[in-house]
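Structure file start-v3.cif; described as mmCIF, C-alpha atoms and all ligand atoms.
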```cif
data_my_file
loop_
_atom_site.label_atom_id
_atom_site.label_comp_id
_atom_site.auth_asym_id
_atom_site.auth_seq_id
_atom_site.Cartn_x
_atom_site.Cartn_y
_atom_site.Cartn_z
CA MET A 198 18.81 73.19 81.74
CA ILE A 199 20.21 74.16 85.05
CA ARG A 200 23.48 72.62 84.11
CA LEU A 201 23.50 74.43 80.76
CA SER A 202 22.83 77.78 82.46
CA GLY A 203 25.81 77.25 84.65
CA LEU A 204 27.93 76.57 81.59
CA LEU A 205 26.63 79.67 79.85
CA ILE A 206 27.51 81.85 82.81
CA ALA A 207 30.97 80.37 82.92
CA LEU A 208 31.45 81.05 79.22
CA THR A 209 30.30 84.62 79.66
CA LEU A 210 32.80 85.18 82.43
CA VAL A 211 35.64 83.78 80.37
CA SER A 212 34.68 85.93 77.44
CA ALA A 213 34.52 89.04 79.66
CA CYS A 214 38.06 88.32 80.84
CA GLN A 215 39.28 87.83 77.29
CA LYS A 216 37.71 91.12 76.24
CA ALA A 217 39.45 92.90 79.09
CA GLU A 218 42.77 91.40 77.95
CA VAL A 219 42.28 92.50 74.37
CA ALA A 220 41.35 96.01 75.44
CA GLU A 221 44.28 96.39 77.83
CA PRO A 222 46.88 93.68 77.29
CA ALA A 223 49.47 93.17 80.00
CA ALA A 224 52.90 94.13 78.59
CA LYS A 225 55.55 91.47 79.07
CA TYR A 226 58.16 94.20 79.38
CA ASP A 227 58.05 97.69 80.85
CA SER A 228 60.35 98.80 78.06
CA VAL A 229 62.56 97.45 75.32
CA VAL A 230 65.98 98.82 74.33
CA ARG A 231 67.08 98.14 70.78
CA CYS A 232 70.86 98.42 70.28
CA GLY A 233 72.64 98.45 66.92
CA ALA A 234 75.71 96.79 68.47
CA VAL A 235 76.59 95.57 71.94
CA ILE A 236 79.64 95.29 74.20
CA ASP A 237 78.10 93.31 77.02
CA GLY A 238 80.95 93.43 79.55
CA LEU A 239 81.44 89.65 79.46
CA SER A 240 82.07 88.58 75.88
CA ASP A 241 85.37 89.32 74.16
CA SER A 242 83.69 90.32 70.93
CA LEU A 243 81.32 92.99 69.72
CA GLY A 244 77.75 91.75 69.41
CA GLY A 245 75.30 92.72 66.66
CA GLU A 246 71.78 94.10 66.85
CA THR A 247 70.14 93.16 70.15
CA TYR A 248 66.83 93.77 71.93
CA PHE A 249 66.81 94.04 75.72
CA GLY A 250 63.44 93.38 77.36
CA ILE A 251 63.27 95.24 80.69
CA GLN A 252 60.93 94.48 83.54
CA GLY A 253 61.02 95.92 87.04
CA GLN A 254 64.39 97.68 86.61
CA ARG A 255 66.17 94.56 85.40
CA ILE A 256 66.94 92.94 82.06
CA SER A 257 64.44 90.10 81.73
CA GLU A 258 65.24 88.89 78.23
CA ILE A 259 67.84 89.40 75.51
CA LEU A 260 66.85 88.64 71.92
CA PRO A 261 68.46 89.14 68.51
CA ASP A 262 65.17 90.24 66.92
CA ALA A 263 61.99 92.04 67.80
CA ASN A 264 59.52 89.68 69.42
CA PRO A 265 55.69 89.99 69.30
CA SER A 266 55.58 90.26 73.09
CA MET A 267 57.57 93.50 72.79
CA ALA A 268 54.83 95.14 70.73
CA ASN A 269 53.19 96.94 73.61
CA ALA A 270 56.31 98.00 75.49
CA THR A 271 57.93 101.41 75.24
CA LEU A 272 60.74 101.14 72.71
CA VAL A 273 64.06 102.92 73.19
CA ASP A 274 65.50 102.83 69.70
CA LEU A 275 69.30 102.91 69.71
CA ARG A 276 69.74 101.17 66.37
CA ASP A 277 72.56 103.56 65.41
CA TYR A 278 74.40 103.12 68.69
CA THR A 279 76.68 100.72 70.52
CA CYS A 280 75.34 99.80 73.96
CA LEU A 281 77.51 98.95 76.95
CA PRO A 282 76.84 98.19 80.60
CA GLY A 283 76.73 101.26 82.84
CA LEU A 284 80.36 101.98 83.78
CA ILE A 285 81.84 101.50 87.24
CA ASP A 286 84.36 103.87 88.83
CA MET A 287 86.08 102.37 91.88
CA HIS A 288 87.62 105.62 93.15
CA VAL A 289 85.22 108.50 93.66
CA HIS A 290 84.85 111.32 96.22
CA PHE A 291 81.68 113.44 96.30
CA ASP A 292 82.76 115.92 98.99
CA GLY A 293 84.94 118.23 96.97
CA LEU A 294 86.16 119.71 93.71
CA PRO A 295 89.74 119.70 92.40
CA ASP A 296 90.32 123.34 93.33
CA TYR A 297 89.51 122.64 96.97
CA ALA A 298 93.03 121.21 97.24
CA ASP A 299 94.24 124.81 96.87
CA ASP A 300 93.01 125.63 100.39
CA TYR A 301 91.46 123.10 102.75
CA THR A 302 90.05 125.89 104.94
CA ILE A 303 87.15 125.79 102.46
CA PHE A 304 85.91 122.79 104.48
CA LEU A 305 85.73 125.02 107.55
CA ARG A 306 83.60 127.58 105.69
CA LYS A 307 81.22 124.94 104.28
CA THR A 308 78.32 123.71 106.36
CA PRO A 309 77.30 120.04 106.30
CA ASP A 310 74.30 121.20 104.23
CA ASP A 311 76.62 122.85 101.68
CA LEU A 312 78.52 119.59 101.28
CA ARG A 313 75.29 117.63 101.05
CA ARG A 314 74.09 119.82 98.17
CA LEU A 315 77.49 119.63 96.48
CA SER A 316 77.47 115.83 96.71
CA GLU A 317 74.04 115.71 95.05
CA GLU A 318 75.20 117.86 92.13
CA LEU A 319 78.33 115.78 91.67
CA ALA A 320 76.41 112.51 91.81
CA LYS A 321 74.25 113.63 88.88
CA ILE A 322 77.31 114.71 86.88
CA VAL A 323 78.95 111.31 87.41
CA LEU A 324 75.79 109.45 86.38
CA ASP A 325 75.38 111.61 83.26
CA ALA A 326 78.96 110.71 82.31
CA GLY A 327 77.88 107.07 82.11
CA PHE A 328 79.08 105.81 85.51
CA THR A 329 76.02 104.11 86.94
CA THR A 330 77.89 102.51 89.87
CA VAL A 331 80.69 104.00 91.96
CA ARG A 332 82.76 102.98 94.94
CA HIS A 333 82.94 106.02 97.20
CA VAL A 334 86.36 105.64 98.79
CA GLY A 335 86.11 107.98 101.72
CA SER A 336 85.15 111.53 102.55
CA TYR A 337 86.18 113.99 105.21
CA MET A 338 82.51 114.56 106.11
CA VAL A 339 81.49 111.44 107.97
CA TRP A 340 78.69 109.41 106.27
CA LEU A 341 78.21 111.92 103.47
CA ASP A 342 78.27 108.97 101.08
CA ARG A 343 75.83 106.78 102.99
CA ASP A 344 73.32 109.60 103.37
CA LEU A 345 73.60 110.51 99.70
CA ARG A 346 73.09 106.87 98.71
CA ASP A 347 70.00 106.68 100.90
CA ARG A 348 68.48 109.78 99.25
CA ILE A 349 69.20 108.29 95.83
CA VAL A 350 67.63 104.96 96.77
CA ALA A 351 64.59 106.82 98.14
CA GLY A 352 64.22 108.60 94.79
CA GLU A 353 64.80 112.08 96.26
CA VAL A 354 68.01 112.61 94.31
CA VAL A 355 69.26 111.28 90.96
CA GLY A 356 72.67 109.64 91.10
CA PRO A 357 74.59 106.41 90.57
CA ARG A 358 74.50 103.30 92.72
CA ILE A 359 76.97 104.03 95.50
CA ARG A 360 79.11 101.59 97.47
CA VAL A 361 79.75 103.28 100.78
CA GLY A 362 83.13 103.39 102.54
CA GLY A 363 82.39 105.84 105.34
CA PRO A 364 85.20 108.03 106.70
CA TYR A 365 88.86 107.44 105.80
CA LEU A 366 90.67 105.44 108.45
CA THR A 367 93.91 107.38 108.88
CA ILE A 368 96.54 108.35 111.45
CA PRO A 369 96.50 111.84 113.03
CA HIS A 370 97.66 114.32 110.34
CA GLY A 371 97.80 111.42 107.87
CA GLY A 372 96.63 111.55 104.26
CA GLY A 373 92.95 111.14 105.21
CA ASP A 374 92.92 113.57 108.14
CA LEU A 375 91.62 117.08 107.49
CA TYR A 376 94.85 118.57 108.76
CA ILE A 377 95.50 122.19 107.84
CA PRO A 378 98.88 123.74 108.69
CA GLY A 379 98.48 126.66 111.11
CA ILE A 380 95.05 125.52 112.29
CA ASP A 381 94.73 123.68 115.56
CA ASP A 382 93.00 120.30 115.45
CA SER A 383 90.49 121.57 118.02
CA GLU A 384 89.16 124.01 115.42
CA ILE A 385 88.31 121.17 113.00
CA PRO A 386 84.77 119.84 113.59
CA ASP A 387 84.66 116.24 114.86
CA TYR A 388 82.54 115.15 111.88
CA TYR A 389 85.61 115.66 109.67
CA ARG A 390 87.84 113.43 111.80
CA ALA A 391 85.68 110.40 112.53
CA GLY A 392 88.24 107.95 111.10
CA VAL A 393 91.41 109.24 112.79
CA ALA A 394 93.13 106.69 115.02
CA ARG A 395 96.53 105.48 116.23
CA GLY A 396 97.50 101.99 117.32
CA PRO A 397 95.75 98.69 116.56
CA ASP A 398 93.17 99.04 119.34
CA GLU A 399 92.00 102.48 118.23
CA PHE A 400 91.88 101.37 114.60
CA ARG A 401 89.90 98.28 115.57
CA ALA A 402 87.36 100.49 117.36
CA ARG A 403 87.15 102.95 114.45
CA ALA A 404 86.74 100.09 111.97
CA GLN A 405 83.90 98.68 114.07
CA GLN A 406 82.17 102.09 113.99
CA VAL A 407 82.47 102.09 110.19
CA VAL A 408 80.98 98.59 110.03
CA ASP A 409 78.19 99.49 112.44
CA GLY A 410 77.42 102.60 110.39
CA GLY A 411 76.62 100.40 107.41
CA ALA A 412 79.69 100.65 105.18
CA ASP A 413 79.92 98.28 102.22
CA PHE A 414 83.73 98.17 102.58
CA ILE A 415 86.46 99.97 104.56
CA LYS A 416 88.97 102.46 103.18
CA ILE A 417 92.30 103.00 104.90
CA ILE A 418 95.11 105.44 104.18
CA ALA A 419 98.14 103.17 104.45
CA SER A 420 100.57 105.83 103.23
CA GLY A 421 100.57 109.58 102.58
CA ALA A 422 98.43 111.39 100.05
CA VAL A 423 99.63 113.50 97.12
CA PHE A 424 97.28 116.29 98.27
CA GLY A 425 98.08 116.05 101.99
CA HIS A 426 100.13 118.68 103.79
CA GLY A 427 103.48 117.56 105.15
CA SER A 428 103.03 113.91 104.22
CA ASP A 429 105.19 112.01 101.80
CA PRO A 430 103.24 109.85 99.32
CA GLY A 431 105.79 107.07 99.79
CA ALA A 432 106.07 107.14 103.57
CA PRO A 433 104.07 104.44 105.36
CA GLU A 434 101.62 105.96 107.82
CA MET A 435 99.61 103.04 109.20
CA THR A 436 101.68 100.12 110.47
CA ARG A 437 101.08 96.58 109.28
CA GLU A 438 99.61 95.78 112.72
CA GLU A 439 97.17 98.69 112.48
CA ILE A 440 96.07 97.62 109.00
CA ALA A 441 95.70 94.00 110.17
CA ALA A 442 93.46 95.17 113.03
CA VAL A 443 91.14 96.86 110.52
CA VAL A 444 91.17 93.81 108.23
CA GLU A 445 90.20 91.58 111.17
CA VAL A 446 87.10 93.69 111.87
CA ALA A 447 86.18 93.84 108.18
CA LYS A 448 86.55 90.08 107.69
CA ALA A 449 84.34 89.40 110.72
CA ALA A 450 81.72 91.62 109.09
CA GLY A 451 82.17 89.99 105.67
CA ILE A 452 83.31 93.16 103.91
CA LYS A 453 86.49 94.14 102.04
CA VAL A 454 89.26 96.63 102.77
CA THR A 455 90.89 98.91 100.24
CA ALA A 456 94.17 100.66 100.99
CA HIS A 457 95.40 103.97 99.66
CA ALA A 458 99.10 103.21 99.24
CA HIS A 459 101.89 104.67 97.13
CA SER A 460 105.23 103.17 98.13
CA ALA A 461 106.39 99.60 97.63
CA GLU A 462 106.83 99.18 101.38
CA SER A 463 103.35 100.42 102.13
CA ILE A 464 101.79 98.27 99.38
CA LYS A 465 103.55 95.19 100.78
CA ASP A 466 102.45 96.01 104.34
CA ALA A 467 98.85 96.37 103.20
CA ILE A 468 98.89 93.14 101.17
CA LEU A 469 100.51 91.13 103.97
CA ALA A 470 98.02 92.61 106.46
CA GLY A 471 95.25 91.16 104.26
CA VAL A 472 93.64 94.02 102.31
CA ASP A 473 91.67 93.23 99.14
CA SER A 474 92.71 96.11 96.91
CA ILE A 475 95.25 98.92 96.62
CA GLU A 476 94.63 102.39 95.22
CA HIS A 477 97.30 104.41 93.35
CA ALA A 478 100.22 101.96 93.87
CA SER A 479 102.30 104.59 92.10
CA LEU A 480 105.70 103.80 93.63
CA GLY A 481 105.36 100.01 93.66
CA ASP A 482 108.28 97.78 92.74
CA ASP A 483 108.46 94.37 91.06
CA GLU A 484 108.21 92.60 94.39
CA SER A 485 105.03 94.41 95.47
CA VAL A 486 103.45 93.75 92.07
CA ALA A 487 104.33 90.04 92.30
CA LEU A 488 102.92 89.96 95.83
CA ALA A 489 99.62 91.46 94.63
CA ALA A 490 99.38 88.84 91.88
CA LYS A 491 100.17 86.04 94.35
CA HIS A 492 97.62 87.15 96.95
CA GLY A 493 94.90 88.06 94.43
CA VAL A 494 94.93 91.69 95.55
CA ALA A 495 93.46 94.05 92.95
CA PHE A 496 94.88 97.44 91.97
CA SER A 497 92.75 100.47 91.25
CA MET A 498 95.09 102.94 89.57
CA ASP A 499 94.24 106.52 88.64
CA VAL A 500 96.56 106.72 85.64
CA TYR A 501 95.02 109.83 84.03
CA ASN A 502 94.57 112.40 86.77
CA GLY A 503 98.27 113.26 87.09
CA THR A 504 98.04 114.78 83.61
CA TYR A 505 95.02 116.85 84.65
CA THR A 506 96.75 118.08 87.82
CA ASP A 507 99.85 118.93 85.84
CA GLU A 508 97.78 121.00 83.41
CA VAL A 509 95.65 122.94 85.89
CA GLY A 510 97.54 122.75 89.18
CA VAL A 511 99.38 126.07 88.89
CA ALA A 512 96.21 127.88 87.73
CA ASN A 513 94.29 126.26 90.61
CA GLY A 514 96.91 127.56 93.02
CA TYR A 515 98.02 124.15 94.27
CA ALA A 516 100.91 124.20 96.71
CA GLU A 517 104.33 123.60 95.17
CA GLU A 518 104.53 120.58 97.49
CA PHE A 519 101.46 119.06 95.79
CA MET A 520 102.77 119.74 92.27
CA GLN A 521 106.09 118.06 93.04
CA LYS A 522 104.39 115.01 94.55
CA ASN A 523 102.13 114.83 91.50
CA THR A 524 105.14 114.84 89.18
CA ASP A 525 106.81 112.16 91.29
CA THR A 526 103.82 109.82 91.15
CA THR A 527 102.32 110.23 87.65
CA GLU A 528 104.71 108.52 85.23
CA ALA A 529 105.85 106.17 88.00
CA GLN A 530 102.28 104.95 88.44
CA ARG A 531 101.86 104.35 84.71
CA ILE A 532 104.96 102.17 84.71
CA VAL A 533 103.62 100.16 87.65
CA PHE A 534 100.34 99.82 85.72
CA GLU A 535 102.23 98.24 82.80
CA LYS A 536 104.03 95.86 85.15
CA ALA A 537 100.85 94.92 87.03
CA LEU A 538 99.05 94.24 83.75
CA ALA A 539 101.90 92.00 82.59
CA ALA A 540 101.94 90.18 85.95
CA GLY A 541 98.22 89.41 85.77
CA VAL A 542 97.15 91.63 88.69
CA THR A 543 93.40 92.38 88.60
CA LEU A 544 93.11 96.00 87.47
CA MET A 545 89.95 97.93 88.31
CA PHE A 546 89.00 101.25 86.77
CA GLY A 547 89.35 104.01 89.36
CA THR A 548 90.02 107.65 88.59
CA ASP A 549 90.12 109.53 91.91
CA LEU A 550 87.14 111.67 90.89
CA GLY A 551 87.27 114.69 93.12
CA VAL A 552 90.95 115.20 92.37
CA LEU A 553 89.85 114.83 88.75
CA PRO A 554 86.69 116.78 87.74
CA HIS A 555 83.65 114.55 88.05
CA ASP A 556 82.78 114.62 84.34
CA LEU A 557 86.25 113.59 83.12
CA GLY A 558 86.55 110.03 84.41
CA ALA A 559 86.37 108.39 80.99
CA LYS A 560 89.51 110.23 79.86
CA GLN A 561 91.43 107.54 81.70
CA PHE A 562 90.52 104.80 79.20
CA GLU A 563 92.91 106.23 76.62
CA ILE A 564 95.89 106.07 79.01
CA MET A 565 95.04 102.50 80.00
CA ILE A 566 95.19 101.49 76.34
CA GLU A 567 98.37 103.47 75.71
CA ARG A 568 99.87 101.52 78.60
CA GLY A 569 99.06 98.07 77.26
CA MET A 570 95.41 97.16 77.74
CA THR A 571 93.22 96.19 74.82
CA PRO A 572 90.09 98.38 74.51
CA MET A 573 87.98 95.40 75.62
CA GLN A 574 90.19 94.86 78.69
CA ALA A 575 89.85 98.53 79.62
CA ILE A 576 86.05 98.34 79.29
CA LYS A 577 85.89 95.18 81.38
CA SER A 578 88.01 96.85 84.04
CA ALA A 579 85.19 99.39 84.30
CA THR A 580 82.32 96.87 84.14
CA SER A 581 82.40 93.14 84.96
CA VAL A 582 85.80 93.09 86.71
CA PRO A 583 84.93 95.58 89.50
CA ALA A 584 81.39 94.16 89.72
CA ASP A 585 82.91 90.75 90.49
CA HIS A 586 85.33 92.26 93.02
CA MET A 587 82.47 93.92 94.89
CA GLY A 588 80.28 90.80 94.76
CA LEU A 589 77.76 92.66 92.58
CA GLN A 590 77.88 90.29 89.60
CA LYS A 591 74.17 89.56 89.90
CA ASP A 592 73.31 93.26 89.74
CA VAL A 593 75.70 95.33 87.63
CA GLY A 594 78.76 95.17 85.37
CA ALA A 595 77.23 93.42 82.35
CA LEU A 596 74.27 93.45 80.01
CA ASP A 597 72.97 90.11 81.15
CA VAL A 598 69.58 88.65 82.06
CA GLY A 599 68.77 89.34 85.70
CA ARG A 600 71.09 92.32 86.15
CA TYR A 601 69.88 95.89 86.43
CA ALA A 602 69.09 97.59 83.13
CA ASP A 603 72.01 100.00 83.54
CA ILE A 604 72.79 100.74 79.90
CA ILE A 605 74.87 103.42 78.22
CA ALA A 606 75.26 104.04 74.49
CA VAL A 607 77.59 105.86 72.15
CA ARG A 608 77.48 106.47 68.41
CA GLY A 609 80.26 104.41 66.84
CA ASN A 610 82.46 101.62 68.15
CA PRO A 611 84.49 102.33 71.30
CA LEU A 612 86.74 99.37 70.45
CA ASP A 613 87.95 101.44 67.48
CA ASP A 614 88.04 104.75 69.36
CA ILE A 615 87.88 104.53 73.14
CA ARG A 616 87.53 108.33 73.39
CA LEU A 617 83.87 107.89 72.37
CA LEU A 618 83.25 107.02 76.03
CA GLN A 619 84.20 110.58 76.98
CA GLN A 620 80.87 111.76 75.53
CA VAL A 621 78.22 109.22 76.33
CA ASP A 622 75.02 109.89 74.36
CA PHE A 623 72.61 107.81 76.37
CA VAL A 624 72.40 106.69 79.99
CA MET A 625 69.78 104.39 81.51
CA LYS A 626 69.79 103.32 85.16
CA GLY A 627 67.51 100.52 86.31
CA GLY A 628 65.35 100.89 83.20
CA THR A 629 64.89 104.65 83.64
CA VAL A 630 66.33 106.92 80.96
CA ILE A 631 68.64 109.42 82.71
CA LYS A 632 70.14 111.13 79.70
CA THR A 633 69.55 110.96 75.96
CA SER A 634 70.90 113.08 73.12
CA ALA A 635 68.47 114.46 70.56
CA GLU A 636 69.50 111.78 68.10
CA ALA A 637 69.15 108.83 70.45
CA THR A 638 65.42 108.41 70.04
CA THR A 639 63.15 107.17 72.76
CA ASP A 640 59.81 106.27 71.23
CA ALA A 641 56.65 104.69 72.46
CA GLY A 642 56.18 102.52 69.40
CA LYS A 643 56.52 99.06 68.02
CA PRO A 644 59.96 97.54 67.56
ZN ZN B 1 91.14 109.46 96.38
#
```
Target encoding structure tokens, full file:
Amino acid sequence: MIRLSGLLIALTLVSACQKAEVAEPAAKYDSVVRCGAVIDGLSDSLGGETYFGIQGQRISEILPDANPSMANATLVDLRDYTCLPGLIDMHVHFDGLPDYADDYTIFLRKTPDDLRRLSEELAKIVLDAGFTTVRHVGSYMVWLDRDLRDRIVAGEVVGPRIRVGGPYLTIPHGGGDLYIPGIDDSEIPDYYRAGVARGPDEFRARAQQVVDGGADFIKIIASGAVFGHGSDPGAPEMTREEIAAVVEVAKAAGIKVTAHAHSAESIKDAILAGVDSIEHASLGDDESVALAAKHGVAFSMDVYNGTYTDEVGVANGYAEEFMQKNTDTTEAQRIVFEKALAAGVTLMFGTDLGVLPHDLGAKQFEIMIERGMTPMQAIKSATSVPADHMGLQKDVGALDVGRYADIIAVRGNPLDDIRLLQQVDFVMKGGTVIKTSAEATTDAGKP
């Protein structure tokens, strides 16, 4: 009898547990996203209806049909939409708007708090446009990007995942220095000039400060900027020795270096000094393109924003000097893009957001296709290709098991009309719905 009692008690306990499970079953997924069609960032073809099971911010399972274990999860029903991985923009600045280039004294009137608030607004705009990851390639305000990222990670601010570059490394009065004609350098606050250096030793020290500050990569201005006073976009600014000094520090820290470079000479210097990627590359020649292919150096080319600057520059009051440099670099860069594509150079989507309004990044896809990419190539250049370059292939860049549930959706097929990506209907970051149009239904219901 004693033994039987023990058995009865055990049975009762088991049955109590089972009752609890029936009353409140543990969901296998936090949510499920149903997509009518899928471009996953990896495959070369469009996939059909797909269910993404999401758990703890990441995609935990991908199935072609609804599964009984999905029954209790929140369903995001995008059956009329094509889903894609959250897009990646490799060339973003959050410390300014295009019309700031009209008069850089605006940076002297802004407080660090003003810029902080501006960066938060811009981060939300970029995320709403479907870019769930960005590489922030420099700011005048030192560590604006790192501090913004930290507030986003802490959940205080809504924005994309940010790869932090810290301040531009640049020569005095170079393309990344906040130099304003007629204003003495002593009147520019130090926090705008944290990356200014000259000579390999100074650049080595500056690069070490950027590493110690927690940058994910280093950004250098190898040659002049289009929107820099008195600098020529083609003229090399940093020497090959200075660039090599920065690369040495970066390599020791296990991070990459990206170089802003326009001219063929400057591109070659940067590649031979060991950088990992080049931005703009607008005045490259066949030799510099071949060198990039040979050394596995990627290009991030902003092939749309010249059109934007051309359209609004005069109304924005840009200096004649800026307009001329824009004209000189726009078509030239598109031709280099065609050559780099043909030569097999890795091309990463980067738009120079900041020069381009922060909601217009996706306009660049159309130019990339006009200049020779297939729609799928253009999408990969904004998803899996830059994710691989940044070593983030376990986290972002594809709709794949284990990666973050960063999902965007549009109505229709972007492979037929890439301009659909200019108006993204739905944005999810890490399993949280950021933006949804009225038609893209989010229901708590059964698949
Ligand atoms: Zn830029």
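Contacts with ligand ZN 1 (chain B) are defined as any residue atom within 8 Å of a ligand atom, using only C-alpha atoms and all ligand atoms; the residues meeting this criterion are His288, Val289, His290, Val334, Gly335, His457, Glu476, Asp549, Leu550, Gly551 and Val552 of chain A.
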Keeping only C-alpha atoms, write the selected residues to a file as an mmCIF file, keeping the file's coordinate frame.
```
data_model
loop_
_atom_site.group_PDB
_atom_site.id
_atom_site.type_symbol
_atom_site.label_atom_id
_atom_site.label_comp_id
_atom_site.auth_asym_id
_atom_site.auth_seq_id
_atom_site.Cartn_x
_atom_site.Cartn_y
_atom_site.Cartn_z
ATOM 1 C CA HIS A 288 87.620 105.620 93.150
ATOM 2 C CA VAL A 289 85.220 108.500 93.660
ATOM 3 C CA HIS A 290 84.850 111.320 96.220
ATOM 4 C CA VAL A 334 86.360 105.640 98.790
ATOM 5 C CA GLY A 335 86.110 107.980 101.720
ATOM 6 C CA HIS A 457 95.400 103.970 99.660
ATOM 7 C CA GLU A 476 94.630 102.390 95.220
ATOM 8 C CA ASP A 549 90.120 109.530 91.910
ATOM 9 C CA LEU A 550 87.140 111.670 90.890
ATOM 10 C CA GLY A 551 87.270 114.690 93.120
ATOM 11 C CA VAL A 552 90.950 115.200 92.370
#
```
**OP:** Can you pull out every residue within 6 Å of A:Ser581, counting only C-alpha atoms, but drop anything in the same chain fewer than 5 positions away, and send it as a list in words?
**Re:**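 Contacts, with the query itself left out: Gly238, Gly594 and Ala595 of chain A.
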Original post:
With distances taken over all atoms listed in the file, which of A:Ala270, A:Val229, A:Val423, A:Ala540 is nearest to A:Asp525?
Top reply: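 Answer, going by the shortest atom-to-atom distance: A:Val423.
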Subject >> Between atom CA of A:Thr247 and atom CA of A:Val355, distance in Å (one decimal) >> reply: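 For atom CA of A:Thr247 relative to atom CA of A:Val355, the distance reads 27.6 Å.
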Subject >> Nearest to A:Phe304 by atom-to-atom distance, counting all atoms listed in the file, from A:Asp381, A:Asp292, A:Asp592, A:Glu567 >> reply: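 The shortest atom-to-atom distance to A:Phe304 comes from A:Asp292.
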Excluding A:Ala450 and its own-chain neighbours fewer than 6 positions away, which residues fall within 10 Å of it when counting all atoms listed in the file? Please give them as a compact mmCIF listing (two decimals) with C-alpha atoms, in the frame of the given file.
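Dumped to result13.txt:
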```txt
# COMPACT_ATOMS: atom_id res chain seq x y z
CA GLN A 405 83.90 98.68 114.07
CA VAL A 408 80.98 98.59 110.03
CA ASP A 409 78.19 99.49 112.44
CA ASP A 413 79.92 98.28 102.22
CA PHE A 414 83.73 98.17 102.58
CA VAL A 444 91.17 93.81 108.23
```
Original post:
Mind listing as a VMD selection string all residues within 12 Å of (91.6, 116.8, 89.4), counting all atoms listed in the file?
Top reply: chain A and resid 289 to 290 293 to 299 423 to 424 499 to 510 513 515 519 to 520 523 548 to 558 560
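Using all atoms listed in the file, the protein and nucleic acid residues lying no more than 8 Å from A:Ile475, apart from those fewer than 6 places from it along its own chain, are A:Thr455, A:Ala456, A:His457, A:Ala458, A:Ile464, A:Ala467, A:Val494, A:Ala495, A:Phe496, A:Ser497.
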Keeping C-alpha atoms, export the residues of the selection given above as a short mmCIF file (atom, residue, chain, number, x, y, z; two decimals), in the frame of the given file.
```cif
data_model
loop_
_atom_site.label_atom_id
_atom_site.label_comp_id
_atom_site.auth_asym_id
_atom_site.auth_seq_id
_atom_site.Cartn_x
_atom_site.Cartn_y
_atom_site.Cartn_z
CA THR A 455 90.89 98.91 100.24
CA ALA A 456 94.17 100.66 100.99
CA HIS A 457 95.40 103.97 99.66
CA ALA A 458 99.10 103.21 99.24
CA ILE A 464 101.79 98.27 99.38
CA ALA A 467 98.85 96.37 103.20
CA VAL A 494 94.93 91.69 95.55
CA ALA A 495 93.46 94.05 92.95
CA PHE A 496 94.88 97.44 91.97
CA SER A 497 92.75 100.47 91.25
#
```
Subject >> Contact residues around A:Val323 with only C-alpha atoms at 8 Å, ignoring same-chain residues under 3 positions, as a VMD selection string >> reply: chain A and resid 319 to 320 326 to 329 356 to 357 555 to 556
Original post:
Restricting the calculation to only C-alpha atoms, which member of A:Val446, A:Ala637, A:Ala432, A:Val354 is positioned closest to A:His459?
Top reply: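 Among the listed residues, A:Ala432 lies closest to A:His459.
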Take every atom of stretch 429-440 of chain A listed in the file, fit an axis-aligned box around them, add 3 Å per side, and give the centre and edge lengths in Å to one decimal as AutoDock Vina command-line options.
```
--center_x 101.1 --center_y 103.9 --center_z 106.0 --size_x 16.0 --size_y 22.2 --size_z 19.4
```
Original post:
Any idea what's packed within 12 Å of A:Ser242, counting only C-alpha atoms, ignoring anything in its chain fewer than 2 positions away? Could you give it as a list in words?
Top reply: Ala234, Val235, Ile236, Asp237, Gly238, Leu239, Ser240, Gly244, Gly245, Thr571, Pro572, Met573, Gln574, Ile576, Lys577, Asn610 and Leu612 of chain A
**OP:** Determine the nearest neighbour of A:Arg343 from the options A:Arg403, A:Lys321, A:Arg313, A:Arg608, counting all atoms listed in the file.
**Re:**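 Answer, going by the shortest atom-to-atom distance: A:Arg313.
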Original post:
Out of A:Gly514, A:Thr527, A:Gly362, A:Ala490, which residue has the shortest atom-to-atom distance to A:Val542 when counting only C-alpha atoms?
Top reply: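 Nearest candidate to A:Val542 out of A:Gly514, A:Thr527, A:Gly362, A:Ala490: A:Ala490.
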Subject >> Spatial sel., origin (92.0, 94.9, 110.3), limit 12 Å, all atoms listed in the file, listed as a VMD selection string >> reply: chain A and resid 366 396 to 405 407 to 408 414 to 417 419 435 to 456 467 to 473
Subject >> Residue with smallest distance to A:Leu596 - pool A:Ala391, A:Leu243, A:Ile259, A:Met338, counting all atoms listed in the file >> reply: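 Of all the options, A:Ile259 lies closest to A:Leu596.
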